[in-house]
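Colleague: Here's a structure for you.
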Amino acid sequence: MEDRQMPIPKKEVIGVVGNGQLGRMFAQAAHELDYRVWVFGPGKDSPAGQVADREFDADYGDSAALAEFSAGIRVATFEFENIPRSTLDFLASRVPTHPSPDVLYITQNRLREKTWLHENGFPVANFVLVRSRHELEGALDYIGYPAVLKTASFGYDGKGQARIDKGTDIDAAWAGLGAPEAVLEAWVDFGMELSVVCARNQQGETRCFPVCHNTHHHHILAVTQVPAAISTDLSHRAQAYTMQVAQAMKVVGLITAEFFLTKTGDMLFNELAPRPHNSGHFSIDACSSSQFRHHVLAVTRRPLPTVTQPEPAVMANILGDLWEKRGEDGRATVVEPPWDAVRALPGAHLHLYGKKEPRARRKMGHLTMVGDGIKTHRDTLWKLGMDQIFDPPRDPLPWEKTDVLLTARPFVPFAIDVSGVGRLEVDSPEALAKLRGQYIFQGADGDAPRMFAPSLVAGVEQQKV
Ligand code: AMP
């Protein structure tokens, strides 16, 4: 009989439901920690399937395929919420499944999620259930204008949403939604959008990642700046809220909270995601552990180290639009962006998700820039014709302030084990920057990141940074 208190041994298989880029980055982190990964979802050669040890190309309701999948895995998790609860129930009846089907059930529906938040004392914008054109009218009387009408289920990246102002055609708004159930929500005149990724394991340890400041464009995340340029008080409040949600829901794995910070300093929950989050991608290159690595540690019943971020970072999503170049005649052609030039920028970390077709608004990859070269890179990327990834670049961007943050934040010295043969002490941002170019971060269970560079290991013992 399996001891469900002990960590899951290395080399065992973790099953992931969903096969997109989040599953891909999860699998990469799991491999670094010496686990194997099977992914489950419709489609062959998927972003996650390309790097997984086995890919199940099957619908979420395919019980024969689910039975075969569950027979080979030690634990199940998911990277996508729009899966039937019954899929997770099936897996949970056979293997430990994290987060639980209950967590999925609450968070995959806006009405249930907002009701849960409200009933548990967390602040949300006023909202009300709408099931017909007639109910929408009454709901607008109650909520007022402007408001946002959102489908209750299966919404993401702003899909299934309509803003309603005085004078908006309500018939068209209701018909355009095309869903039987919706939530009408008060419009929030926010000053900033924030998010926090929090990991929690079965033992109840919780660890938050630094607070992200997110800018959306066409309802899709465009840019994340971390740490958000907000006061320590606000930052602690966002992290405390997220941790409280993780504890109250008994999440094992990750939960991300998205917040609106109003111009008067109130913090309201927008939504929850019980999985790695797009805004947390910066952590791969900027933190002592990534959201994906913490997800793996949490579901394999391992301790969760504290997460540190020595330098500020900016992450920009790379959408399929970037491939489209218009000639003088207005005709569009598909042109591969100059990736080699981007990869060559110091402190820039390019991640492409292996998607073959660059469609408009499709998330194809992301670019994280770490440290004080952020401003320089922005100009260079513009020169490379990649300004679209910083769209909308009209106003001075928030990360212009990161120069200040960089000098204002105290640097916490730390030591790094290098492949178990020696320790390097890092006592300044400059020392860390120097190391970044030479070593590859590897997973480790201790508090400090482990760095590893096969060709340099021999000389490491003598090195002092
Ligand atoms: P959602 O899919 O609910 O996260 O919404 C996507 C984006 O639409 C959010 O990140 C906001 O930028 C915007 N949005 C959603 N709901 C509201 C609201 N109630 N007030 C203002 N903006 C909103």
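Residues are named by chain letter and number: chains run A, B, ... in the order of the structure tokens, numbers start at 1 in each chain, and ligands are numbered from 1 in the order shown.
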Skip A:Asp45 itself and residues of its chain fewer than 4 positions away, then list as a list in words all residues within 9 Å of it, counting only C-alpha atoms.

Modeller: Gly49, Gln50, Glu55, Asp57 and Gly354 of chain A

Colleague: If you count only C-alpha atoms, which residues fall within 7 Å of A:Thr333, apart from same-chain ones fewer than 5 positions away, as a PyMOL selection string?

Modeller: chain A and resi 324-326

Colleague: Considering only C-alpha atoms, return as a list of chain:residue names whatever protein or nucleic-acid residues lie within 10 Å of stretch 65-67 of chain A, sequence-local ones (same chain, fewer than 3 positions apart) excluded.

Modeller: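 In the requested format, the answer is A:Val17, A:Phe40, A:Gly41, A:Phe56, A:Asp57, A:Ala58, A:Asp59, A:Tyr60, A:Gly61, A:Asp62, A:Ser70, A:Ala71, A:Gly72, A:Thr87, A:Leu88, A:Phe90, A:Leu91, A:Arg94.
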
Colleague: Please, which residues have at least one atom within 10 Å of an atom of ligand 1, using only C-alpha atoms and all ligand atoms, listed as a short mmCIF file (atom, residue, chain, number, x, y, z; two decimals) with all heavy atoms, in the first residue's frame?

Modeller:
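Saved the output as selection.cif:
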data_model
loop_
_atom_site.label_atom_id
_atom_site.label_comp_id
_atom_site.auth_asym_id
_atom_site.auth_seq_id
_atom_site.Cartn_x
_atom_site.Cartn_y
_atom_site.Cartn_z
N ARG A 110 -17.55 31.01 -13.25
CA ARG A 110 -17.42 32.33 -12.61
C ARG A 110 -18.42 32.56 -11.49
O ARG A 110 -18.12 33.19 -10.49
CB ARG A 110 -17.66 33.44 -13.65
CG ARG A 110 -16.54 33.63 -14.60
CD ARG A 110 -16.85 34.87 -15.45
NE ARG A 110 -16.19 34.82 -16.71
CZ ARG A 110 -14.92 35.16 -16.91
NH1 ARG A 110 -14.19 35.56 -15.90
NH2 ARG A 110 -14.38 35.09 -18.09
N VAL A 124 -15.04 41.09 -3.76
CA VAL A 124 -15.23 41.00 -5.22
C VAL A 124 -16.13 42.16 -5.64
O VAL A 124 -16.86 42.72 -4.82
CB VAL A 124 -15.93 39.68 -5.64
CG1 VAL A 124 -14.99 38.50 -5.56
CG2 VAL A 124 -17.18 39.40 -4.82
N ALA A 125 -16.09 42.50 -6.92
CA ALA A 125 -17.01 43.52 -7.44
C ALA A 125 -18.43 42.95 -7.35
O ALA A 125 -18.62 41.73 -7.40
CB ALA A 125 -16.65 43.84 -8.89
N ASN A 126 -19.42 43.84 -7.24
CA ASN A 126 -20.81 43.39 -7.21
C ASN A 126 -21.12 42.52 -8.42
O ASN A 126 -20.72 42.86 -9.53
CB ASN A 126 -21.73 44.62 -7.29
CG ASN A 126 -22.31 44.91 -5.94
OD1 ASN A 126 -22.21 44.10 -5.02
ND2 ASN A 126 -22.94 46.08 -5.82
N PHE A 127 -21.83 41.44 -8.22
CA PHE A 127 -22.16 40.58 -9.36
C PHE A 127 -23.53 39.95 -9.15
O PHE A 127 -24.04 39.89 -8.03
CB PHE A 127 -21.11 39.47 -9.54
CG PHE A 127 -21.12 38.45 -8.42
CD1 PHE A 127 -21.81 37.26 -8.55
CD2 PHE A 127 -20.45 38.70 -7.22
CE1 PHE A 127 -21.83 36.32 -7.52
CE2 PHE A 127 -20.47 37.77 -6.19
CZ PHE A 127 -21.15 36.58 -6.34
N PRO A 146 -21.08 51.52 -16.01
CA PRO A 146 -20.93 50.40 -16.94
C PRO A 146 -20.85 49.08 -16.17
O PRO A 146 -20.56 49.06 -14.98
CB PRO A 146 -19.61 50.70 -17.65
CG PRO A 146 -18.91 51.75 -16.85
CD PRO A 146 -19.87 52.32 -15.87
N ALA A 147 -21.12 48.01 -16.93
CA ALA A 147 -21.06 46.67 -16.33
C ALA A 147 -20.42 45.73 -17.35
O ALA A 147 -20.24 46.10 -18.51
CB ALA A 147 -22.47 46.21 -15.99
N VAL A 148 -20.05 44.54 -16.90
CA VAL A 148 -19.49 43.54 -17.83
C VAL A 148 -20.32 42.28 -17.72
O VAL A 148 -20.57 41.79 -16.62
CB VAL A 148 -18.04 43.13 -17.48
CG1 VAL A 148 -17.35 42.52 -18.68
CG2 VAL A 148 -17.25 44.27 -16.94
N LEU A 149 -20.73 41.79 -18.88
CA LEU A 149 -21.48 40.55 -18.92
C LEU A 149 -20.50 39.45 -19.32
O LEU A 149 -19.80 39.57 -20.34
CB LEU A 149 -22.59 40.68 -19.96
CG LEU A 149 -23.59 39.54 -20.07
CD1 LEU A 149 -24.41 39.40 -18.79
CD2 LEU A 149 -24.53 39.75 -21.26
N LYS A 150 -20.42 38.40 -18.51
CA LYS A 150 -19.45 37.33 -18.79
C LYS A 150 -20.13 35.98 -18.74
O LYS A 150 -20.94 35.74 -17.83
CB LYS A 150 -18.33 37.32 -17.74
CG LYS A 150 -17.56 38.61 -17.60
CD LYS A 150 -16.49 38.48 -16.51
CE LYS A 150 -15.68 39.73 -16.39
NZ LYS A 150 -14.64 39.63 -15.35
N THR A 151 -19.80 35.09 -19.65
CA THR A 151 -20.35 33.73 -19.58
C THR A 151 -19.89 33.11 -18.26
O THR A 151 -18.78 33.36 -17.79
CB THR A 151 -19.84 32.84 -20.73
OG1 THR A 151 -18.41 32.91 -20.74
CG2 THR A 151 -20.37 33.26 -22.06
N PHE A 154 -16.46 28.37 -19.22
CA PHE A 154 -15.66 28.30 -20.43
C PHE A 154 -15.21 29.65 -20.98
O PHE A 154 -15.13 29.84 -22.17
CB PHE A 154 -16.37 27.51 -21.54
CG PHE A 154 -16.62 26.10 -21.13
CD1 PHE A 154 -17.90 25.65 -20.86
CD2 PHE A 154 -15.56 25.21 -20.99
CE1 PHE A 154 -18.12 24.34 -20.46
CE2 PHE A 154 -15.76 23.91 -20.59
CZ PHE A 154 -17.04 23.46 -20.32
N GLY A 155 -14.94 30.59 -20.08
CA GLY A 155 -14.39 31.87 -20.54
C GLY A 155 -12.91 31.93 -20.21
O GLY A 155 -12.50 31.46 -19.16
N TYR A 156 -12.11 32.43 -21.09
CA TYR A 156 -10.72 32.73 -20.76
C TYR A 156 -10.21 33.78 -21.73
O TYR A 156 -10.78 33.98 -22.80
CB TYR A 156 -9.83 31.48 -20.80
CG TYR A 156 -9.70 30.84 -22.15
CD1 TYR A 156 -8.62 31.13 -22.98
CD2 TYR A 156 -10.67 29.96 -22.63
CE1 TYR A 156 -8.50 30.55 -24.23
CE2 TYR A 156 -10.56 29.38 -23.87
CZ TYR A 156 -9.47 29.67 -24.66
OH TYR A 156 -9.37 29.11 -25.90
N ASP A 157 -9.15 34.47 -21.31
CA ASP A 157 -8.57 35.54 -22.14
C ASP A 157 -9.64 36.47 -22.68
O ASP A 157 -9.61 36.88 -23.84
CB ASP A 157 -7.75 34.94 -23.29
CG ASP A 157 -6.41 34.39 -22.80
OD1 ASP A 157 -6.02 34.73 -21.67
OD2 ASP A 157 -5.78 33.63 -23.55
N GLY A 158 -10.60 36.80 -21.84
CA GLY A 158 -11.61 37.77 -22.23
C GLY A 158 -12.64 37.26 -23.23
O GLY A 158 -13.47 38.01 -23.72
N LYS A 159 -12.59 35.93 -23.52
CA LYS A 159 -13.60 35.40 -24.46
C LYS A 159 -14.92 35.30 -23.70
O LYS A 159 -14.94 35.03 -22.52
CB LYS A 159 -13.17 34.03 -24.97
CG LYS A 159 -11.92 34.11 -25.84
CD LYS A 159 -11.69 32.83 -26.62
CE LYS A 159 -10.58 33.00 -27.63
NZ LYS A 159 -9.22 32.90 -27.05
N GLY A 160 -16.04 35.53 -24.44
CA GLY A 160 -17.34 35.46 -23.80
C GLY A 160 -17.57 36.60 -22.84
O GLY A 160 -18.09 36.40 -21.74
N GLN A 161 -17.16 37.81 -23.23
CA GLN A 161 -17.35 38.99 -22.38
C GLN A 161 -17.85 40.15 -23.19
O GLN A 161 -17.45 40.31 -24.33
CB GLN A 161 -16.01 39.44 -21.80
CG GLN A 161 -15.50 38.58 -20.73
CD GLN A 161 -14.40 39.28 -19.95
OE1 GLN A 161 -14.32 40.51 -19.91
NE2 GLN A 161 -13.57 38.49 -19.32
N ALA A 162 -18.71 40.97 -22.59
CA ALA A 162 -19.14 42.19 -23.28
C ALA A 162 -19.33 43.29 -22.24
O ALA A 162 -19.96 43.07 -21.20
CB ALA A 162 -20.45 41.94 -24.02
N ARG A 163 -18.77 44.46 -22.54
CA ARG A 163 -18.99 45.59 -21.65
C ARG A 163 -20.34 46.22 -22.02
O ARG A 163 -20.67 46.34 -23.19
CB ARG A 163 -17.86 46.60 -21.84
CG ARG A 163 -18.05 47.85 -21.02
CD ARG A 163 -16.87 48.78 -21.15
NE ARG A 163 -17.32 50.15 -20.91
CZ ARG A 163 -16.63 51.01 -20.18
NH1 ARG A 163 -15.49 50.68 -19.63
NH2 ARG A 163 -17.10 52.25 -20.01
N LEU A 184 -23.35 39.13 -14.47
CA LEU A 184 -23.20 40.55 -14.75
C LEU A 184 -22.44 41.14 -13.58
O LEU A 184 -22.78 40.94 -12.42
CB LEU A 184 -24.55 41.25 -14.90
CG LEU A 184 -24.40 42.72 -15.31
CD1 LEU A 184 -24.05 42.86 -16.78
CD2 LEU A 184 -25.69 43.51 -15.02
N GLU A 185 -21.39 41.88 -13.93
CA GLU A 185 -20.47 42.33 -12.90
C GLU A 185 -20.28 43.84 -13.04
O GLU A 185 -20.28 44.35 -14.16
CB GLU A 185 -19.18 41.59 -13.22
CG GLU A 185 -18.07 41.70 -12.29
CD GLU A 185 -16.91 40.84 -12.83
OE1 GLU A 185 -17.06 39.61 -12.99
OE2 GLU A 185 -15.87 41.44 -13.13
N ALA A 186 -20.12 44.52 -11.92
CA ALA A 186 -19.87 45.97 -11.98
C ALA A 186 -18.52 46.23 -12.64
O ALA A 186 -17.57 45.47 -12.42
CB ALA A 186 -19.86 46.55 -10.57
N TRP A 187 -18.45 47.25 -13.46
CA TRP A 187 -17.18 47.64 -14.07
C TRP A 187 -16.29 48.23 -12.98
O TRP A 187 -16.74 49.04 -12.17
CB TRP A 187 -17.44 48.67 -15.16
CG TRP A 187 -16.19 49.09 -15.88
CD1 TRP A 187 -15.47 50.22 -15.69
CD2 TRP A 187 -15.52 48.34 -16.89
NE1 TRP A 187 -14.38 50.23 -16.52
CE2 TRP A 187 -14.38 49.09 -17.28
CE3 TRP A 187 -15.76 47.11 -17.52
CZ2 TRP A 187 -13.49 48.66 -18.25
CZ3 TRP A 187 -14.87 46.68 -18.50
CH2 TRP A 187 -13.75 47.46 -18.84
N VAL A 188 -15.04 47.80 -12.95
CA VAL A 188 -14.11 48.32 -11.94
C VAL A 188 -13.14 49.29 -12.61
O VAL A 188 -12.46 48.93 -13.57
CB VAL A 188 -13.30 47.16 -11.29
CG1 VAL A 188 -12.36 47.71 -10.23
CG2 VAL A 188 -14.25 46.13 -10.69
N ASP A 189 -13.13 50.50 -12.10
CA ASP A 189 -12.23 51.51 -12.66
C ASP A 189 -10.88 51.32 -11.97
O ASP A 189 -10.52 52.06 -11.06
CB ASP A 189 -12.82 52.90 -12.38
CG ASP A 189 -11.99 53.98 -13.01
OD1 ASP A 189 -11.25 53.69 -13.98
OD2 ASP A 189 -12.06 55.13 -12.52
N PHE A 190 -10.16 50.30 -12.43
CA PHE A 190 -8.94 49.95 -11.69
C PHE A 190 -7.74 50.80 -12.08
O PHE A 190 -7.68 51.32 -13.20
CB PHE A 190 -8.63 48.46 -11.85
CG PHE A 190 -8.44 48.00 -13.27
CD1 PHE A 190 -7.24 48.23 -13.93
CD2 PHE A 190 -9.45 47.31 -13.94
CE1 PHE A 190 -7.06 47.79 -15.23
CE2 PHE A 190 -9.29 46.88 -15.24
CZ PHE A 190 -8.09 47.13 -15.89
N MET A 192 -4.64 49.36 -11.48
CA MET A 192 -3.65 48.32 -11.83
C MET A 192 -4.31 46.96 -11.72
O MET A 192 -5.20 46.76 -10.91
CB MET A 192 -2.56 48.33 -10.76
CG MET A 192 -1.23 48.82 -11.17
SD MET A 192 -0.06 48.42 -9.85
CE MET A 192 1.13 49.68 -10.14
N GLU A 193 -3.83 46.04 -12.52
CA GLU A 193 -4.22 44.64 -12.34
C GLU A 193 -3.01 43.89 -11.80
O GLU A 193 -1.90 44.03 -12.30
CB GLU A 193 -4.66 44.04 -13.67
CG GLU A 193 -6.00 44.58 -14.11
CD GLU A 193 -6.57 43.81 -15.28
OE1 GLU A 193 -7.21 42.77 -15.06
OE2 GLU A 193 -6.37 44.26 -16.42
N LEU A 194 -3.27 43.10 -10.77
CA LEU A 194 -2.21 42.37 -10.09
C LEU A 194 -2.52 40.88 -10.10
O LEU A 194 -3.69 40.49 -10.26
CB LEU A 194 -2.11 42.82 -8.62
CG LEU A 194 -1.92 44.31 -8.36
CD1 LEU A 194 -2.05 44.60 -6.86
CD2 LEU A 194 -0.57 44.79 -8.88
N SER A 195 -1.50 40.07 -9.91
CA SER A 195 -1.76 38.64 -9.70
C SER A 195 -0.70 38.06 -8.78
O SER A 195 0.41 38.59 -8.69
CB SER A 195 -1.79 37.88 -11.03
OG SER A 195 -0.55 37.99 -11.66
N ASN A 214 0.11 43.32 -14.13
CA ASN A 214 -0.25 42.83 -15.47
C ASN A 214 -0.91 43.90 -16.31
O ASN A 214 -1.78 44.63 -15.83
CB ASN A 214 -1.20 41.65 -15.35
CG ASN A 214 -0.60 40.53 -14.54
OD1 ASN A 214 0.60 40.28 -14.61
ND2 ASN A 214 -1.42 39.86 -13.74
N THR A 215 -0.51 43.98 -17.57
CA THR A 215 -1.18 44.86 -18.53
C THR A 215 -1.80 43.98 -19.61
O THR A 215 -1.11 43.13 -20.18
CB THR A 215 -0.16 45.83 -19.16
OG1 THR A 215 0.58 46.44 -18.11
CG2 THR A 215 -0.85 46.90 -19.98
N HIS A 216 -3.08 44.18 -19.84
CA HIS A 216 -3.78 43.39 -20.86
C HIS A 216 -4.00 44.22 -22.11
O HIS A 216 -4.10 45.44 -22.05
CB HIS A 216 -5.15 42.92 -20.34
CG HIS A 216 -5.06 41.92 -19.25
ND1 HIS A 216 -4.80 42.28 -17.94
CD2 HIS A 216 -5.17 40.58 -19.25
CE1 HIS A 216 -4.76 41.19 -17.19
NE2 HIS A 216 -4.99 40.15 -17.97
N HIS A 217 -4.09 43.53 -23.21
CA HIS A 217 -4.43 44.19 -24.47
C HIS A 217 -5.43 43.27 -25.16
O HIS A 217 -5.15 42.06 -25.26
CB HIS A 217 -3.14 44.34 -25.28
CG HIS A 217 -3.28 45.27 -26.44
ND1 HIS A 217 -4.00 46.44 -26.37
CD2 HIS A 217 -2.77 45.21 -27.69
CE1 HIS A 217 -3.94 47.05 -27.53
NE2 HIS A 217 -3.21 46.33 -28.35
N HIS A 218 -6.54 43.80 -25.60
CA HIS A 218 -7.63 42.97 -26.15
C HIS A 218 -7.98 41.86 -25.16
O HIS A 218 -8.18 40.71 -25.56
CB HIS A 218 -7.24 42.33 -27.49
CG HIS A 218 -6.90 43.31 -28.55
ND1 HIS A 218 -7.79 44.26 -28.99
CD2 HIS A 218 -5.78 43.52 -29.26
CE1 HIS A 218 -7.22 45.00 -29.93
NE2 HIS A 218 -6.00 44.58 -30.11
N HIS A 219 -7.97 42.16 -23.88
CA HIS A 219 -8.31 41.19 -22.82
C HIS A 219 -7.29 40.07 -22.69
O HIS A 219 -7.51 39.11 -21.95
CB HIS A 219 -9.69 40.54 -23.03
CG HIS A 219 -10.81 41.53 -22.98
ND1 HIS A 219 -11.31 42.02 -21.80
CD2 HIS A 219 -11.52 42.10 -23.97
CE1 HIS A 219 -12.28 42.87 -22.07
NE2 HIS A 219 -12.43 42.94 -23.37
N ILE A 220 -6.20 40.13 -23.43
CA ILE A 220 -5.18 39.07 -23.31
C ILE A 220 -3.97 39.67 -22.60
O ILE A 220 -3.59 40.81 -22.88
CB ILE A 220 -4.75 38.56 -24.71
CG1 ILE A 220 -5.96 37.99 -25.45
CG2 ILE A 220 -3.64 37.51 -24.61
CD1 ILE A 220 -5.67 37.60 -26.89
N LEU A 221 -3.38 38.91 -21.71
CA LEU A 221 -2.21 39.42 -21.00
C LEU A 221 -1.13 39.80 -22.00
O LEU A 221 -0.76 38.99 -22.87
CB LEU A 221 -1.68 38.34 -20.04
CG LEU A 221 -0.46 38.77 -19.21
CD1 LEU A 221 -0.82 39.91 -18.26
CD2 LEU A 221 0.10 37.60 -18.42
N GLU A 258 -6.13 36.71 -9.39
CA GLU A 258 -6.00 37.96 -10.15
C GLU A 258 -6.79 39.01 -9.41
O GLU A 258 -7.93 38.76 -8.98
CB GLU A 258 -6.60 37.80 -11.55
CG GLU A 258 -5.85 36.86 -12.45
CD GLU A 258 -6.53 36.73 -13.81
OE1 GLU A 258 -7.29 37.64 -14.21
OE2 GLU A 258 -6.34 35.69 -14.44
N PHE A 259 -6.20 40.20 -9.28
CA PHE A 259 -6.85 41.27 -8.52
C PHE A 259 -6.97 42.53 -9.36
O PHE A 259 -6.13 42.80 -10.22
CB PHE A 259 -5.99 41.67 -7.31
CG PHE A 259 -5.76 40.58 -6.32
CD1 PHE A 259 -4.58 39.85 -6.34
CD2 PHE A 259 -6.71 40.29 -5.36
CE1 PHE A 259 -4.35 38.85 -5.42
CE2 PHE A 259 -6.48 39.28 -4.42
CZ PHE A 259 -5.30 38.56 -4.45
N PHE A 260 -7.97 43.32 -9.02
CA PHE A 260 -8.04 44.71 -9.46
C PHE A 260 -7.60 45.55 -8.27
O PHE A 260 -8.12 45.35 -7.16
CB PHE A 260 -9.47 45.12 -9.82
CG PHE A 260 -10.06 44.38 -10.99
CD1 PHE A 260 -11.29 43.74 -10.86
CD2 PHE A 260 -9.42 44.34 -12.22
CE1 PHE A 260 -11.86 43.06 -11.94
CE2 PHE A 260 -9.98 43.67 -13.30
CZ PHE A 260 -11.20 43.03 -13.16
N THR A 262 -7.94 49.21 -7.12
CA THR A 262 -8.69 50.40 -7.55
C THR A 262 -7.85 51.65 -7.30
O THR A 262 -6.86 51.61 -6.58
CB THR A 262 -10.03 50.54 -6.80
OG1 THR A 262 -9.72 50.84 -5.43
CG2 THR A 262 -10.86 49.28 -6.90
N LEU A 268 -9.71 44.08 -5.11
CA LEU A 268 -10.84 43.18 -5.36
C LEU A 268 -10.36 41.98 -6.13
O LEU A 268 -9.52 42.11 -7.04
CB LEU A 268 -11.90 43.89 -6.22
CG LEU A 268 -12.52 45.17 -5.68
CD1 LEU A 268 -13.40 45.83 -6.74
CD2 LEU A 268 -13.36 44.86 -4.44
N PHE A 269 -10.88 40.81 -5.81
CA PHE A 269 -10.54 39.64 -6.60
C PHE A 269 -11.22 39.74 -7.96
O PHE A 269 -12.40 40.08 -8.04
CB PHE A 269 -11.06 38.36 -5.93
CG PHE A 269 -10.16 37.83 -4.85
CD1 PHE A 269 -10.17 38.41 -3.59
CD2 PHE A 269 -9.32 36.76 -5.09
CE1 PHE A 269 -9.34 37.91 -2.59
CE2 PHE A 269 -8.49 36.27 -4.11
CZ PHE A 269 -8.49 36.84 -2.85
N ASN A 270 -10.50 39.45 -9.03
CA ASN A 270 -11.15 39.31 -10.33
C ASN A 270 -11.45 37.83 -10.55
O ASN A 270 -12.60 37.44 -10.63
CB ASN A 270 -10.26 39.85 -11.46
CG ASN A 270 -10.84 39.58 -12.83
OD1 ASN A 270 -12.05 39.39 -12.97
ND2 ASN A 270 -10.00 39.51 -13.84
N GLU A 271 -10.40 37.00 -10.63
CA GLU A 271 -10.67 35.57 -10.75
C GLU A 271 -9.55 34.72 -10.21
O GLU A 271 -8.47 35.22 -9.91
CB GLU A 271 -11.05 35.19 -12.18
CG GLU A 271 -10.02 35.45 -13.22
CD GLU A 271 -10.49 34.98 -14.60
OE1 GLU A 271 -11.66 34.61 -14.76
OE2 GLU A 271 -9.65 34.97 -15.51
N LEU A 272 -9.83 33.42 -10.11
CA LEU A 272 -8.85 32.46 -9.61
C LEU A 272 -8.54 31.46 -10.71
O LEU A 272 -9.39 31.15 -11.54
CB LEU A 272 -9.44 31.68 -8.42
CG LEU A 272 -9.91 32.48 -7.22
CD1 LEU A 272 -10.63 31.55 -6.23
CD2 LEU A 272 -8.73 33.17 -6.54
N ALA A 273 -7.33 30.95 -10.69
CA ALA A 273 -6.96 29.86 -11.62
C ALA A 273 -6.18 28.83 -10.81
O ALA A 273 -5.16 29.16 -10.21
CB ALA A 273 -6.10 30.40 -12.75
#

Colleague: Which one is closest to A:Cys212: A:Ser288, A:Leu129, A:Pro312, A:Leu140? Count only C-alpha atoms.

Modeller: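 With only C-alpha atoms as the atom set, the closest residue is A:Pro312.
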
Colleague: So the first atom is atom CA of A:Val211 and the second is atom CA of A:Val197; what is the distance between them in Å, to one decimal place?

Modeller: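 According to the coordinates, atom CA of A:Val211 and atom CA of A:Val197 are separated by 8.0 Å.
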
Colleague: List every residue of stretch 33-256 of chain A that DSSP, applied to the backbone of this structure, places in alpha helix (DSSP H), and write the result as number ranges by chain.

Modeller: A: 63-71, 85-92, 101-107, 110-119, 133-143, 170-177, 232-248

Colleague: Pick from A:Glu205, A:Glu328, A:Glu336, A:Glu32: nearest to A:Arg301, with only C-alpha atoms counted?

Modeller: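 Of the candidates, the smallest distance to A:Arg301 is held by A:Glu205.
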
Colleague: Tell me which of A:Leu234, A:Val334, A:Val251, A:Ala341 sits closest to A:Met267, counting only C-alpha atoms.

Modeller: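 Comparing A:Leu234, A:Val334, A:Val251, A:Ala341 against A:Met267, the winner is A:Leu234.
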
Colleague: With a distance cut-off of 10 Å and only C-alpha atoms, select the neighbouring residues of A:Leu297, excluding the residue or stretch itself and same-chain residues fewer than 6 positions from it, and output the selection as a count of residues only.

Modeller: 16

Colleague: With only C-alpha atoms as the counted atoms, please give the residues lying no more than 7 Å from A:Ser289, apart from itself and same-chain residues fewer than 5 positions off, as a list in words.

Modeller: Ser283, Ile284, His294, Val307 and Pro449 of chain A

Colleague: Which parts of stretch 1-106 of chain A does DSSP call strand (DSSP E or B) when run on the backbone here, written out as a list in words?

Modeller: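 The strand (DSSP E or B) residues within stretch 1-106 of chain A come out as Val13, Ile14, Gly15, Val16, Val17, Arg36, Val37, Trp38, Val39, Phe40, Gly41, Arg54, Glu55, Phe56, Asp57, Val75, Ala76, Thr77, Phe78 and Thr97 of chain A.
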
Colleague: At a cut-off of 8 Å, using only C-alpha atoms, what residues contact A:Gly20? Leave out same-chain residues fewer than 2 positions from it and give the result as a list in words.

Modeller: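 Once the nearby chain positions are removed, what remains is Gly18, Leu22, Gly23, Arg24, Ser46, Pro47, Ala48 and Glu79 of chain A.
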
Colleague: Once you have the residues from the selection above, write them out as a compact mmCIF listing (two decimals), in the first residue's frame, restricted to N, CA and C atoms.

Modeller:
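Wrote it out as result24.txt, contents follow:
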# COMPACT_ATOMS: atom_id res chain seq x y z
N GLY A 18 -4.52 18.11 -19.91
CA GLY A 18 -4.30 19.35 -20.66
C GLY A 18 -2.94 19.25 -21.33
N LEU A 22 1.32 25.40 -20.72
CA LEU A 22 1.52 25.28 -19.27
C LEU A 22 1.97 23.86 -18.93
N GLY A 23 1.38 22.89 -19.62
CA GLY A 23 1.79 21.49 -19.45
C GLY A 23 3.21 21.28 -19.93
N ARG A 24 3.56 21.97 -20.99
CA ARG A 24 4.93 21.86 -21.53
C ARG A 24 5.96 22.34 -20.50
N SER A 46 1.28 17.96 -29.40
CA SER A 46 0.85 19.19 -28.72
C SER A 46 2.06 19.84 -28.05
N PRO A 47 1.95 21.12 -27.64
CA PRO A 47 3.07 21.76 -26.95
C PRO A 47 3.58 20.92 -25.77
N ALA A 48 2.68 20.36 -24.97
CA ALA A 48 3.13 19.54 -23.83
C ALA A 48 3.57 18.16 -24.31
N GLU A 79 -3.57 21.36 -16.13
CA GLU A 79 -3.02 22.64 -16.53
C GLU A 79 -4.06 23.50 -17.22

Colleague: When you draw a straight line from atom CA of A:Gly191 to atom CA of A:Lys263, how long is it in Å?

Modeller: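 Atom CA of A:Lys263 lies 4.8 Å from atom CA of A:Gly191.
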
Colleague: Can you measure atom CA of A:His295 to atom CA of A:Ala152 for me? One decimal in Å is fine.

Modeller: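 Between atom CA of A:His295 and atom CA of A:Ala152 the gap works out to 26.8 Å.
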
Colleague: Which is closest to A:Gln202 among A:Val299, A:Asp233, A:Trp116, A:Trp174, if we use only C-alpha atoms?

Modeller: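 Closest candidate: A:Val299.
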
Colleague: Using only C-alpha atoms, which of the listed residues (A:Asn19, A:Thr306, A:Gln108, A:Thr256) sits closest to A:Glu81?

Modeller: A:Gln108

Colleague: If we count only C-alpha atoms and set the cut-off at 12 Å, which residues sit around A:Thr232, ignoring sequence neighbours fewer than 5 positions away in its own chain? Please answer as a ChimeraX atom specification.

Modeller: /A:210-211,227,237-240,409

Colleague: Please determine, counting only C-alpha atoms, which residue among A:Gly15, A:Pro338, A:Gly167, A:Pro346 has the shortest atom-to-atom distance to A:Val95.

Modeller: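 Distance minimum relative to A:Val95 lands on A:Gly15.
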